[in-house]
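Trainee: Next comes the structure file work-v1.cif, holding mmCIF, C-alpha atoms.
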data_model
#
loop_
_atom_site.group_PDB
_atom_site.id
_atom_site.type_symbol
_atom_site.label_atom_id
_atom_site.label_comp_id
_atom_site.auth_asym_id
_atom_site.auth_seq_id
_atom_site.Cartn_x
_atom_site.Cartn_y
_atom_site.Cartn_z
ATOM 1 C CA MET Y 1 133.840 107.238 99.134
ATOM 2 C CA ALA Y 2 130.916 106.588 101.454
ATOM 3 C CA PRO Y 3 127.843 108.842 101.282
ATOM 4 C CA PRO Y 4 127.077 111.102 104.251
ATOM 5 C CA PRO Y 5 124.803 109.636 106.929
ATOM 6 C CA ALA Y 6 121.063 109.930 106.399
ATOM 7 C CA THR Y 7 119.276 112.860 107.982
ATOM 8 C CA LEU Y 8 115.695 111.622 107.619
ATOM 9 C CA LYS Y 9 113.983 111.871 110.995
ATOM 10 C CA ILE Y 10 110.285 112.006 110.125
ATOM 11 C CA LEU Y 11 108.337 109.371 108.206
ATOM 12 C CA PRO Y 12 107.068 110.801 104.885
ATOM 13 C CA GLU Y 13 103.324 110.770 104.306
ATOM 14 C CA ALA Y 14 103.661 110.164 100.567
ATOM 15 C CA PHE Y 15 106.298 108.960 98.122
ATOM 16 C CA VAL Y 16 106.674 110.048 94.507
ATOM 17 C CA PHE Y 17 108.958 107.976 92.286
ATOM 18 C CA ASP Y 18 111.031 108.755 89.283
ATOM 19 C CA VAL Y 19 110.398 105.859 86.897
ATOM 20 C CA PHE Y 20 113.007 105.513 84.125
ATOM 21 C CA GLY Y 21 116.123 104.067 85.736
ATOM 22 C CA THR Y 22 114.853 104.243 89.318
ATOM 23 C CA VAL Y 23 112.033 101.700 89.138
ATOM 24 C CA PHE Y 24 112.633 100.255 85.667
ATOM 25 C CA ASP Y 25 115.839 99.042 84.002
ATOM 26 C CA TRP Y 26 115.502 100.814 80.665
ATOM 27 C CA ARG Y 27 119.056 100.058 79.521
ATOM 28 C CA SER Y 28 118.900 96.258 79.262
ATOM 29 C CA THR Y 29 115.295 96.224 78.019
ATOM 30 C CA VAL Y 30 115.830 98.743 75.228
ATOM 31 C CA THR Y 31 119.172 97.241 74.178
ATOM 32 C CA GLU Y 32 117.724 93.730 73.921
ATOM 33 C CA HIS Y 33 114.688 94.954 71.985
ATOM 34 C CA LEU Y 34 116.829 96.866 69.497
ATOM 35 C CA GLU Y 35 119.102 93.863 69.085
ATOM 36 C CA GLN Y 36 116.145 91.631 68.291
ATOM 37 C CA ALA Y 37 114.557 94.128 65.884
ATOM 38 C CA ILE Y 38 117.761 94.812 63.945
ATOM 39 C CA SER Y 39 118.883 91.173 63.827
ATOM 40 C CA GLN Y 40 115.690 90.347 61.941
ATOM 41 C CA LYS Y 41 116.692 92.883 59.266
ATOM 42 C CA LEU Y 42 120.348 91.950 58.711
ATOM 43 C CA THR Y 43 119.685 90.638 55.200
ATOM 44 C CA SER Y 44 118.089 93.954 54.277
ATOM 45 C CA LEU Y 45 121.040 95.774 55.824
ATOM 46 C CA ASP Y 46 123.414 94.095 53.376
ATOM 47 C CA ALA Y 47 121.300 95.447 50.521
ATOM 48 C CA ILE Y 48 121.836 99.039 51.647
ATOM 49 C CA GLY Y 49 125.460 98.938 50.585
ATOM 50 C CA ALA Y 50 127.903 101.628 51.629
ATOM 51 C CA ALA Y 51 126.277 104.502 53.515
ATOM 52 C CA PRO Y 52 127.389 107.259 55.920
ATOM 53 C CA ASN Y 53 127.699 106.032 59.525
ATOM 54 C CA LYS Y 54 126.418 102.576 58.587
ATOM 55 C CA PRO Y 55 127.355 100.381 61.582
ATOM 56 C CA ASP Y 56 129.366 97.183 61.471
ATOM 57 C CA LEU Y 57 126.890 94.494 62.510
ATOM 58 C CA SER Y 58 128.801 91.540 61.112
ATOM 59 C CA THR Y 59 129.092 89.641 64.396
ATOM 60 C CA PRO Y 60 126.816 89.119 67.416
ATOM 61 C CA ALA Y 61 129.302 91.086 69.522
ATOM 62 C CA SER Y 62 129.325 94.058 67.146
ATOM 63 C CA LEU Y 63 125.525 94.012 66.955
ATOM 64 C CA ARG Y 64 125.260 94.004 70.740
ATOM 65 C CA SER Y 65 127.791 96.812 71.084
ATOM 66 C CA PHE Y 66 125.986 98.949 68.519
ATOM 67 C CA CYS Y 67 122.602 98.410 70.187
ATOM 68 C CA GLU Y 68 124.058 99.413 73.561
ATOM 69 C CA THR Y 69 125.394 102.616 72.002
ATOM 70 C CA PHE Y 70 122.133 103.295 70.169
ATOM 71 C CA ALA Y 71 120.075 102.785 73.350
ATOM 72 C CA ALA Y 72 122.334 105.157 75.290
ATOM 73 C CA GLU Y 73 122.054 107.830 72.575
ATOM 74 C CA TRP Y 74 118.288 107.425 72.522
ATOM 75 C CA ARG Y 75 118.141 107.913 76.265
ATOM 76 C CA ASP Y 76 120.555 110.871 76.105
ATOM 77 C CA SER Y 77 118.304 112.601 73.578
ATOM 78 C CA TYR Y 78 115.473 112.316 76.111
ATOM 79 C CA LYS Y 79 117.640 113.755 78.889
ATOM 80 C CA ASP Y 80 118.674 116.716 76.743
ATOM 81 C CA PHE Y 81 115.055 117.281 75.753
ATOM 82 C CA VAL Y 82 113.607 117.407 79.275
ATOM 83 C CA ARG Y 83 116.546 119.267 80.800
ATOM 84 C CA THR Y 84 116.269 122.035 78.238
ATOM 85 C CA LEU Y 85 112.517 122.506 78.546
ATOM 86 C CA GLY Y 86 112.314 121.685 82.257
ATOM 87 C CA THR Y 87 115.005 124.231 83.084
ATOM 88 C CA LYS Y 88 113.315 126.869 80.913
ATOM 89 C CA GLY Y 89 110.221 126.362 83.013
ATOM 90 C CA ASN Y 90 112.225 127.197 86.129
ATOM 91 C CA ASN Y 91 113.684 130.362 84.631
ATOM 92 C CA SER Y 92 110.340 132.096 84.935
ATOM 93 C CA THR Y 93 109.990 131.166 88.595
ATOM 94 C CA SER Y 94 111.908 132.693 91.457
ATOM 95 C CA ASN Y 95 113.517 130.526 94.110
ATOM 96 C CA SER Y 96 111.102 131.839 96.680
ATOM 97 C CA ASN Y 97 108.260 129.382 95.981
ATOM 98 C CA SER Y 98 105.890 132.298 95.471
ATOM 99 C CA GLY Y 99 102.785 131.233 93.646
ATOM 100 C CA ALA Y 100 104.377 128.123 92.173
ATOM 101 C CA GLY Y 101 102.043 125.284 91.385
ATOM 102 C CA SER Y 102 98.902 127.072 92.503
ATOM 103 C CA GLY Y 103 97.154 126.775 89.153
ATOM 104 C CA PRO Y 104 94.722 124.118 87.944
ATOM 105 C CA LEU Y 105 95.719 120.498 87.401
ATOM 106 C CA LEU Y 106 95.870 120.892 83.620
ATOM 107 C CA SER Y 107 97.610 124.244 83.543
ATOM 108 C CA SER Y 108 98.314 126.448 80.575
ATOM 109 C CA SER Y 109 101.642 125.807 78.883
ATOM 110 C CA PRO Y 110 103.731 126.860 75.892
ATOM 111 C CA ASP Y 111 102.890 125.226 72.591
ATOM 112 C CA ARG Y 112 106.206 123.366 72.702
ATOM 113 C CA TYR Y 113 104.859 120.648 75.036
ATOM 114 C CA ILE Y 114 104.819 117.188 73.485
ATOM 115 C CA THR Y 115 104.457 113.810 75.143
ATOM 116 C CA ILE Y 116 107.476 111.640 75.845
ATOM 117 C CA ASP Y 117 105.975 109.052 73.489
ATOM 118 C CA THR Y 118 106.144 111.609 70.692
ATOM 119 C CA HIS Y 119 109.694 112.538 71.589
ATOM 120 C CA HIS Y 120 110.760 108.879 71.698
ATOM 121 C CA LEU Y 121 109.350 108.325 68.211
ATOM 122 C CA ARG Y 122 110.961 111.446 66.752
ATOM 123 C CA SER Y 123 114.349 110.795 68.319
ATOM 124 C CA LEU Y 124 114.274 107.136 67.245
ATOM 125 C CA SER Y 125 113.599 108.218 63.665
ATOM 126 C CA SER Y 126 116.492 110.686 63.831
ATOM 127 C CA LEU Y 127 118.899 108.056 65.139
ATOM 128 C CA LEU Y 128 117.879 105.545 62.481
ATOM 129 C CA GLU Y 129 118.578 108.213 59.885
ATOM 130 C CA LYS Y 130 121.935 109.051 61.490
ATOM 131 C CA TYR Y 131 123.071 105.441 61.132
ATOM 132 C CA SER Y 132 121.549 104.941 57.652
ATOM 133 C CA LEU Y 133 119.056 102.396 58.997
ATOM 134 C CA THR Y 134 115.792 104.151 58.126
ATOM 135 C CA SER Y 135 115.050 101.931 55.138
ATOM 136 C CA LEU Y 136 115.163 98.784 57.274
ATOM 137 C CA PHE Y 137 111.829 99.484 58.938
ATOM 138 C CA THR Y 138 108.361 100.536 57.866
ATOM 139 C CA PRO Y 139 106.823 103.545 59.647
ATOM 140 C CA ALA Y 140 104.589 101.141 61.583
ATOM 141 C CA GLU Y 141 107.614 99.125 62.694
ATOM 142 C CA VAL Y 142 109.431 102.263 63.845
ATOM 143 C CA THR Y 143 106.393 103.261 65.907
ATOM 144 C CA GLN Y 144 106.261 99.783 67.414
ATOM 145 C CA ILE Y 145 109.945 99.905 68.366
ATOM 146 C CA SER Y 146 109.418 103.295 70.014
ATOM 147 C CA LYS Y 147 106.801 101.760 72.305
ATOM 148 C CA ILE Y 148 109.383 99.534 74.033
ATOM 149 C CA TRP Y 149 109.396 102.198 76.748
ATOM 150 C CA HIS Y 150 105.909 100.933 77.673
ATOM 151 C CA ALA Y 151 107.280 97.460 78.456
ATOM 152 C CA LEU Y 152 110.480 98.000 80.435
ATOM 153 C CA LYS Y 153 111.650 95.381 82.910
ATOM 154 C CA SER Y 154 111.599 96.509 86.518
ATOM 155 C CA TRP Y 155 114.546 96.179 88.852
ATOM 156 C CA GLU Y 156 114.231 93.050 90.980
ATOM 157 C CA ASP Y 157 113.516 95.016 94.165
ATOM 158 C CA SER Y 158 110.968 97.404 92.630
ATOM 159 C CA LYS Y 159 107.766 95.378 92.800
ATOM 160 C CA PRO Y 160 108.175 94.012 96.348
ATOM 161 C CA GLY Y 161 109.709 97.272 97.580
ATOM 162 C CA ILE Y 162 106.818 99.407 96.399
ATOM 163 C CA GLN Y 163 104.358 96.921 97.873
ATOM 164 C CA GLU Y 164 106.125 97.330 101.223
ATOM 165 C CA LEU Y 165 106.116 101.126 101.009
ATOM 166 C CA LYS Y 166 102.386 101.138 100.301
ATOM 167 C CA GLN Y 167 101.914 99.810 103.824
ATOM 168 C CA LEU Y 168 103.461 103.035 105.128
ATOM 169 C CA ALA Y 169 102.043 105.796 102.916
ATOM 170 C CA ILE Y 170 100.666 106.744 99.498
ATOM 171 C CA VAL Y 171 103.048 105.764 96.697
ATOM 172 C CA SER Y 172 102.860 107.453 93.293
ATOM 173 C CA THR Y 173 104.873 107.906 90.145
ATOM 174 C CA LEU Y 174 106.236 111.347 89.325
ATOM 175 C CA SER Y 175 107.695 110.953 85.878
ATOM 176 C CA ASN Y 176 108.114 112.823 82.637
ATOM 177 C CA GLY Y 177 106.579 109.811 80.944
ATOM 178 C CA ASN Y 178 103.054 110.495 79.704
ATOM 179 C CA VAL Y 179 100.168 108.942 81.618
ATOM 180 C CA ARG Y 180 99.398 106.186 79.097
ATOM 181 C CA LEU Y 181 103.054 105.125 79.072
ATOM 182 C CA LEU Y 182 103.114 104.943 82.880
ATOM 183 C CA VAL Y 183 99.875 102.963 83.029
ATOM 184 C CA ASP Y 184 101.189 100.480 80.462
ATOM 185 C CA LEU Y 185 104.437 100.078 82.407
ATOM 186 C CA GLN Y 186 102.490 99.126 85.507
ATOM 187 C CA ARG Y 187 100.172 96.747 83.670
ATOM 188 C CA ASN Y 188 103.031 95.046 81.831
ATOM 189 C CA SER Y 189 105.324 94.677 84.840
ATOM 190 C CA GLY Y 190 102.978 94.130 87.760
ATOM 191 C CA VAL Y 191 104.569 97.077 89.583
ATOM 192 C CA ALA Y 192 101.509 98.834 90.992
ATOM 193 C CA PHE Y 193 101.434 102.370 92.391
ATOM 194 C CA ASP Y 194 98.572 103.955 94.320
ATOM 195 C CA MET Y 195 98.537 106.901 91.924
ATOM 196 C CA THR Y 196 99.968 107.789 88.530
ATOM 197 C CA LEU Y 197 101.300 111.341 88.376
ATOM 198 C CA SER Y 198 103.044 112.630 85.278
ATOM 199 C CA GLY Y 199 104.486 115.915 84.102
ATOM 200 C CA GLN Y 200 101.856 115.656 81.363
ATOM 201 C CA LEU Y 201 99.238 116.752 83.908
ATOM 202 C CA TRP Y 202 100.962 120.140 84.098
ATOM 203 C CA ARG Y 203 102.163 120.107 80.476
ATOM 204 C CA GLY Y 204 105.726 120.215 81.729
ATOM 205 C CA TYR Y 205 108.773 118.136 82.530
ATOM 206 C CA LYS Y 206 110.963 117.701 85.562
ATOM 207 C CA PRO Y 207 113.025 119.608 86.677
ATOM 208 C CA ASP Y 208 110.365 122.324 86.198
ATOM 209 C CA ARG Y 209 109.238 123.166 89.734
ATOM 210 C CA LYS Y 210 105.561 123.224 88.734
ATOM 211 C CA VAL Y 211 105.724 119.436 88.353
ATOM 212 C CA TYR Y 212 107.016 118.850 91.898
ATOM 213 C CA VAL Y 213 104.806 121.475 93.507
ATOM 214 C CA GLY Y 214 101.779 120.358 91.515
ATOM 215 C CA ALA Y 215 102.294 116.745 92.580
ATOM 216 C CA CYS Y 216 102.397 117.766 96.238
ATOM 217 C CA GLU Y 217 99.193 119.745 95.850
ATOM 218 C CA VAL Y 218 97.397 116.853 94.148
ATOM 219 C CA LEU Y 219 98.479 114.638 97.041
ATOM 220 C CA GLY Y 220 97.056 117.181 99.490
ATOM 221 C CA PHE Y 221 100.209 118.894 100.749
ATOM 222 C CA GLY Y 222 100.536 122.660 100.532
ATOM 223 C CA ASP Y 223 97.524 123.297 98.325
ATOM 224 C CA GLU Y 224 95.652 126.575 98.368
ATOM 225 C CA GLY Y 225 92.476 125.089 99.819
ATOM 226 C CA ALA Y 226 94.313 123.653 102.828
ATOM 227 C CA TRP Y 227 95.857 127.035 103.593
ATOM 228 C CA GLU Y 228 92.445 128.694 103.614
ATOM 229 C CA GLU Y 229 90.896 126.033 105.851
ATOM 230 C CA ASP Y 230 90.597 126.748 109.568
ATOM 231 C CA GLY Y 231 91.916 123.811 111.568
ATOM 232 C CA ASP Y 232 92.040 123.259 115.298
ATOM 233 C CA GLY Y 233 93.320 126.191 117.338
ATOM 234 C CA ASP Y 234 96.980 125.328 117.962
ATOM 235 C CA LYS Y 235 97.663 123.942 114.495
ATOM 236 C CA ASP Y 236 95.978 126.885 112.822
ATOM 237 C CA LYS Y 237 97.963 129.373 114.910
ATOM 238 C CA MET Y 238 101.201 127.592 114.029
ATOM 239 C CA LYS Y 239 100.276 127.616 110.350
ATOM 240 C CA ARG Y 240 99.482 131.325 110.372
ATOM 241 C CA SER Y 241 102.666 132.138 112.296
ATOM 242 C CA LEU Y 242 104.789 130.517 109.579
ATOM 243 C CA GLY Y 243 103.242 132.515 106.782
ATOM 244 C CA GLU Y 244 101.769 131.004 103.644
ATOM 245 C CA GLU Y 245 104.952 130.335 101.683
ATOM 246 C CA LYS Y 246 106.907 128.791 104.567
ATOM 247 C CA TRP Y 247 103.883 126.692 105.447
ATOM 248 C CA ARG Y 248 103.614 125.414 101.863
ATOM 249 C CA GLN Y 249 107.317 124.538 101.876
ATOM 250 C CA GLN Y 250 106.928 122.688 105.171
ATOM 251 C CA GLU Y 251 103.929 120.762 103.881
ATOM 252 C CA ARG Y 252 105.824 119.681 100.770
ATOM 253 C CA GLY Y 253 108.467 118.214 103.070
ATOM 254 C CA LYS Y 254 105.939 115.505 103.943
ATOM 255 C CA VAL Y 255 106.349 114.156 100.398
ATOM 256 C CA ALA Y 256 109.502 112.183 99.540
ATOM 257 C CA MET Y 257 110.920 112.227 96.010
ATOM 258 C CA VAL Y 258 112.661 108.913 95.275
ATOM 259 C CA ALA Y 259 115.109 108.884 92.368
ATOM 260 C CA ALA Y 260 118.372 107.509 91.009
ATOM 261 C CA HIS Y 261 119.326 110.933 89.623
ATOM 262 C CA ILE Y 262 120.843 113.600 91.838
ATOM 263 C CA GLY Y 263 119.612 116.359 89.515
ATOM 264 C CA ASP Y 264 116.000 115.250 89.968
ATOM 265 C CA LEU Y 265 116.442 115.274 93.737
ATOM 266 C CA ARG Y 266 118.175 118.662 93.711
ATOM 267 C CA ALA Y 267 115.173 120.208 91.961
ATOM 268 C CA ALA Y 268 112.736 118.452 94.303
ATOM 269 C CA LYS Y 269 114.620 119.630 97.389
ATOM 270 C CA GLY Y 270 114.478 123.176 96.040
ATOM 271 C CA CYS Y 271 110.690 122.872 96.224
ATOM 272 C CA GLY Y 272 110.807 121.573 99.796
ATOM 273 C CA LEU Y 273 110.376 117.833 99.220
ATOM 274 C CA THR Y 274 112.198 115.183 101.226
ATOM 275 C CA THR Y 275 114.769 113.371 99.069
ATOM 276 C CA ILE Y 276 115.713 109.680 98.809
ATOM 277 C CA TYR Y 277 118.568 108.653 96.516
ATOM 278 C CA ILE Y 278 118.819 105.086 95.197
ATOM 279 C CA GLU Y 279 121.978 104.151 93.323
ATOM 280 C CA ARG Y 280 121.360 102.136 90.145
ATOM 281 C CA PRO Y 281 124.100 100.680 87.910
ATOM 282 C CA GLY Y 282 125.280 103.207 85.323
ATOM 283 C CA GLU Y 283 122.213 105.379 85.813
ATOM 284 C CA ASP Y 284 123.310 108.752 87.193
ATOM 285 C CA ASP Y 285 125.427 110.734 84.739
ATOM 286 C CA GLU Y 286 126.171 113.544 87.208
ATOM 287 C CA GLN Y 287 129.136 111.781 88.799
ATOM 288 C CA ASP Y 288 130.953 115.061 89.423
ATOM 289 C CA ALA Y 289 127.968 116.352 91.391
ATOM 290 C CA ILE Y 290 127.818 113.126 93.398
ATOM 291 C CA ASP Y 291 131.548 113.255 94.184
ATOM 292 C CA LYS Y 292 131.240 116.900 95.215
ATOM 293 C CA TYR Y 293 128.251 116.109 97.422
ATOM 294 C CA VAL Y 294 130.152 113.388 99.273
ATOM 295 C CA LYS Y 295 133.453 115.279 99.469
ATOM 296 C CA ASN Y 296 131.857 118.450 100.833
ATOM 297 C CA GLY Y 297 129.709 116.620 103.354
ATOM 298 C CA GLU Y 298 126.474 118.039 101.972
ATOM 299 C CA ASP Y 299 123.342 116.780 103.680
ATOM 300 C CA TRP Y 300 120.297 117.762 101.615
ATOM 301 C CA ILE Y 301 119.731 114.152 100.512
ATOM 302 C CA ASP Y 302 117.710 112.689 103.369
ATOM 303 C CA MET Y 303 118.356 109.016 102.618
ATOM 304 C CA TRP Y 304 121.031 107.405 100.439
ATOM 305 C CA VAL Y 305 120.839 103.747 99.378
ATOM 306 C CA THR Y 306 123.985 102.363 97.720
ATOM 307 C CA HIS Y 307 124.151 99.736 94.950
ATOM 308 C CA ALA Y 308 124.765 96.904 97.395
ATOM 309 C CA GLU Y 309 121.962 97.706 99.810
ATOM 310 C CA GLY Y 310 118.840 96.438 98.086
ATOM 311 C CA GLY Y 311 117.181 99.372 96.342
ATOM 312 C CA ILE Y 312 113.559 100.117 97.202
ATOM 313 C CA LEU Y 313 113.373 97.217 99.637
ATOM 314 C CA GLU Y 314 116.133 98.886 101.651
ATOM 315 C CA VAL Y 315 114.183 102.164 101.635
ATOM 316 C CA SER Y 316 111.166 100.322 103.027
ATOM 317 C CA LYS Y 317 113.279 98.556 105.649
ATOM 318 C CA ARG Y 318 114.816 101.774 106.933
ATOM 319 C CA LEU Y 319 111.496 103.588 107.024
ATOM 320 C CA LYS Y 320 109.848 100.779 108.955
ATOM 321 C CA GLU Y 321 112.688 101.004 111.467
ATOM 322 C CA LEU Y 322 112.188 104.778 111.656
ATOM 323 C CA LYS Y 323 108.471 104.279 112.226
ATOM 324 C CA ALA Y 324 109.180 101.863 115.070
ATOM 325 C CA GLU Y 325 111.648 104.294 116.656
ATOM 326 C CA THR Y 326 109.366 107.315 116.436
ATOM 327 C CA SER Y 327 106.276 105.478 117.672
ATOM 328 C CA VAL Y 328 107.901 104.465 120.966
#
Would you kindly transcribe this structure into structure tokens?
Mentor:
Amino acid sequence: MAPPPATLKILPEAFVFDVFGTVFDWRSTVTEHLEQAISQKLTSLDAIGAAPNKPDLSTPASLRSFCETFAAEWRDSYKDFVRTLGTKGNNSTSNSNSGAGSGPLLSSSPDRYITIDTHHLRSLSSLLEKYSLTSLFTPAEVTQISKIWHALKSWEDSKPGIQELKQLAIVSTLSNGNVRLLVDLQRNSGVAFDMTLSGQLWRGYKPDRKVYVGACEVLGFGDEGAWEEDGDGDKDKMKRSLGEEKWRQQERGKVAMVAAHIGDLRAAKGCGLTTIYIERPGEDDEQDAIDKYVKNGEDWIDMWVTHAEGGILEVSKRLKELKAETSV
């Protein structure tokens, strides 16, 4: 089933990217790293003897299969973690945009906030315990394994595609990954953004609206100071005629959220952002929502790039064509 045609008509002035799965191929990187780490401990595994849930790692194929399953469970624990806390953050906010994201950069937050690095370490430890593998690794080794998320391989189109987009507008991350993790990813991969924005700056996680709204404000779209400024006559009159909340929503539309997850884009669109969907192999687990979107002819995704179309490079190509069309 083909996606609905794109509705994007205006060139965004900034792009914010989801990172895990959209820019970086976490699945193959994490699976390969786990496979290498566990294969070095197979002799020790034999010494464990019978144990609950102990995996069969007797052949290279069984080892690979187990590591694929383990990596997927590790990632799923992250998804459950951020969905639960990110959604709770939205429960205290109405759908009317009122007052959202107007606080300071490092806003107050419940005590429950922890970095994604901390979550990755805790969930890794839990999974090792689940499969009776805890004794294979020292605490230092477990910590080292958990840091594989700092060294993910990028998709082939990510580095050149982001370079191309930077010729058009500001390009930033907008990830639940903590800032240090995101910086390390860029340094290790050569994928370079103009800015590094993280939910950590607002002590929250997507899909909490304060992360999307806060990112727009940091980028200069819809912030309180801009509303209070007096611009030239016509623009200022137009701004005042919209009212503050509608104006903020309109300003946030100048920022495009780019992601391989329809849930991320749904939350971003609810805050007024433009949305760009990039299909990645096996990445989006909301297939029912995708099928419903296509079947019902929904149109809130402003650009849709399929698996076969070239990822971020295709986004850049289309936007350059749009720029040429609108500048005539």
Trainee: Which residues are near Thr326 in chain Y? Cut-off 8 Å, only C-alpha atoms, ignore same chain within fewer than 3 positions. Put them as a ChimeraX atom specification.
Mentor: /Y:10,322-323
Trainee: How would the residues just picked look written out with C-alpha atoms as an mmCIF file, in the frame of the given file?
Mentor:
data_model
loop_
_atom_site.group_PDB
_atom_site.id
_atom_site.type_symbol
_atom_site.label_atom_id
_atom_site.label_comp_id
_atom_site.auth_asym_id
_atom_site.auth_seq_id
_atom_site.Cartn_x
_atom_site.Cartn_y
_atom_site.Cartn_z
ATOM 1 C CA ILE Y 10 110.285 112.006 110.125
ATOM 2 C CA LEU Y 322 112.188 104.778 111.656
ATOM 3 C CA LYS Y 323 108.471 104.279 112.226
#
Trainee: Of the candidates Y:Arg112, Y:Arg280, Y:Arg27, Y:Lys41, which one gets nearest to Ala259 in chain Y if we count only C-alpha atoms?
Mentor: Y:Arg280
Trainee: Under the rule that all atoms listed in the file are counted, which of Y:Lys206, Y:Lys130, Y:Lys9, Y:Lys317 is the nearest residue to Tyr78 in chain Y?
Mentor: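 For Tyr78 in chain Y, the nearest of the candidates is Y:Lys206.
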Trainee: I need the output of the PyMOL selection byres ((chain Y and resi 145) around 10) for this file as a list in words; which residues are they?
Mentor: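 Taken over the shown coordinates, the PyMOL selection byres ((chain Y and resi 145) around 10) returns Val30, His33, Leu34, Ala37, His120, Leu121, Leu124, Phe137, Pro139, Ala140, Glu141, Val142, Thr143, Gln144, Ser146, Lys147, Ile148 and Trp149 of chain Y.
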Trainee: Need to verify the contact set: Asp284 in chain Y, 8 Å, only C-alpha atoms, exclusion of same-chain residues closer than 4 positions in sequence. Can you return it as JSON, numbers by chain?
Mentor: {"Y": [260, 261, 262, 279, 280]}
Trainee: Carefully work through the PyMOL selection byres ((chain Y and resi 185) around 12) for this structure and note down the residues it includes, as a VMD selection string.
Mentor: chain Y and resid 19 to 20 23 to 26 147 to 154 159 173 175 177 to 184 186 to 193 196
Trainee: Rank Y:Glu68, Y:Asp285, Y:Asp56, Y:Glu156 by their smallest atom-to-atom distance to Asp264 in chain Y, using all atoms listed in the file, and report the top residue only.
Mentor: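 So, comparing all the options, the nearest one is Y:Asp285.
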Trainee: Report, in Å to a single decimal, how far apart CA of Trp304 in chain Y and CA of Ile278 in chain Y are.
Mentor: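 Here the two named atoms are 6.1 Å from each other.
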Trainee: In Å, how far is it from CA of Arg252 in chain Y to CA of Ser172 in chain Y?
Mentor: 14.6 Å
Trainee: Given the file above and the PyMOL selection byres ((chain Y and resi 216-221) around 7), which residues are selected, and can you give them as a VMD selection string?
Mentor: chain Y and resid 212 to 215 222 to 223 251 to 252 255
Trainee: Nearest to Thr306 in chain Y among Y:Ala71, Y:Ala6, Y:Leu197, Y:Leu42, with distances taken over all atoms listed in the file: which residue is it?
Mentor: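 Checking each of Y:Ala71, Y:Ala6, Y:Leu197, Y:Leu42 against Thr306 in chain Y, counting all atoms listed in the file, the winner is Y:Ala6.
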Trainee: What does the distance between CA of Ile301 in chain Y and CA of Thr275 in chain Y come to in Å, to one decimal place?
Mentor: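 For CA of Ile301 in chain Y relative to CA of Thr275 in chain Y, the distance reads 5.2 Å.
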Trainee: Can you tell me, as lines of an AutoDock Vina configuration file, the centre and edge lengths (Å, one decimal) of the axis-aligned box enclosing all of range 152-162 of chain Y's listed atoms after padding each side by 5 Å?
Mentor:
center_x = 110.7
center_y = 96.2
center_z = 89.0
size_x = 17.7
size_y = 16.4
size_z = 27.1
Trainee: Got a sec: who's within 10 Å of Arg318 in chain Y, counting only C-alpha atoms, leaving out chain neighbours fewer than 5 positions off, as a VMD selection string?
Mentor: chain Y and resid 8 303 305 312 to 313 323 to 324
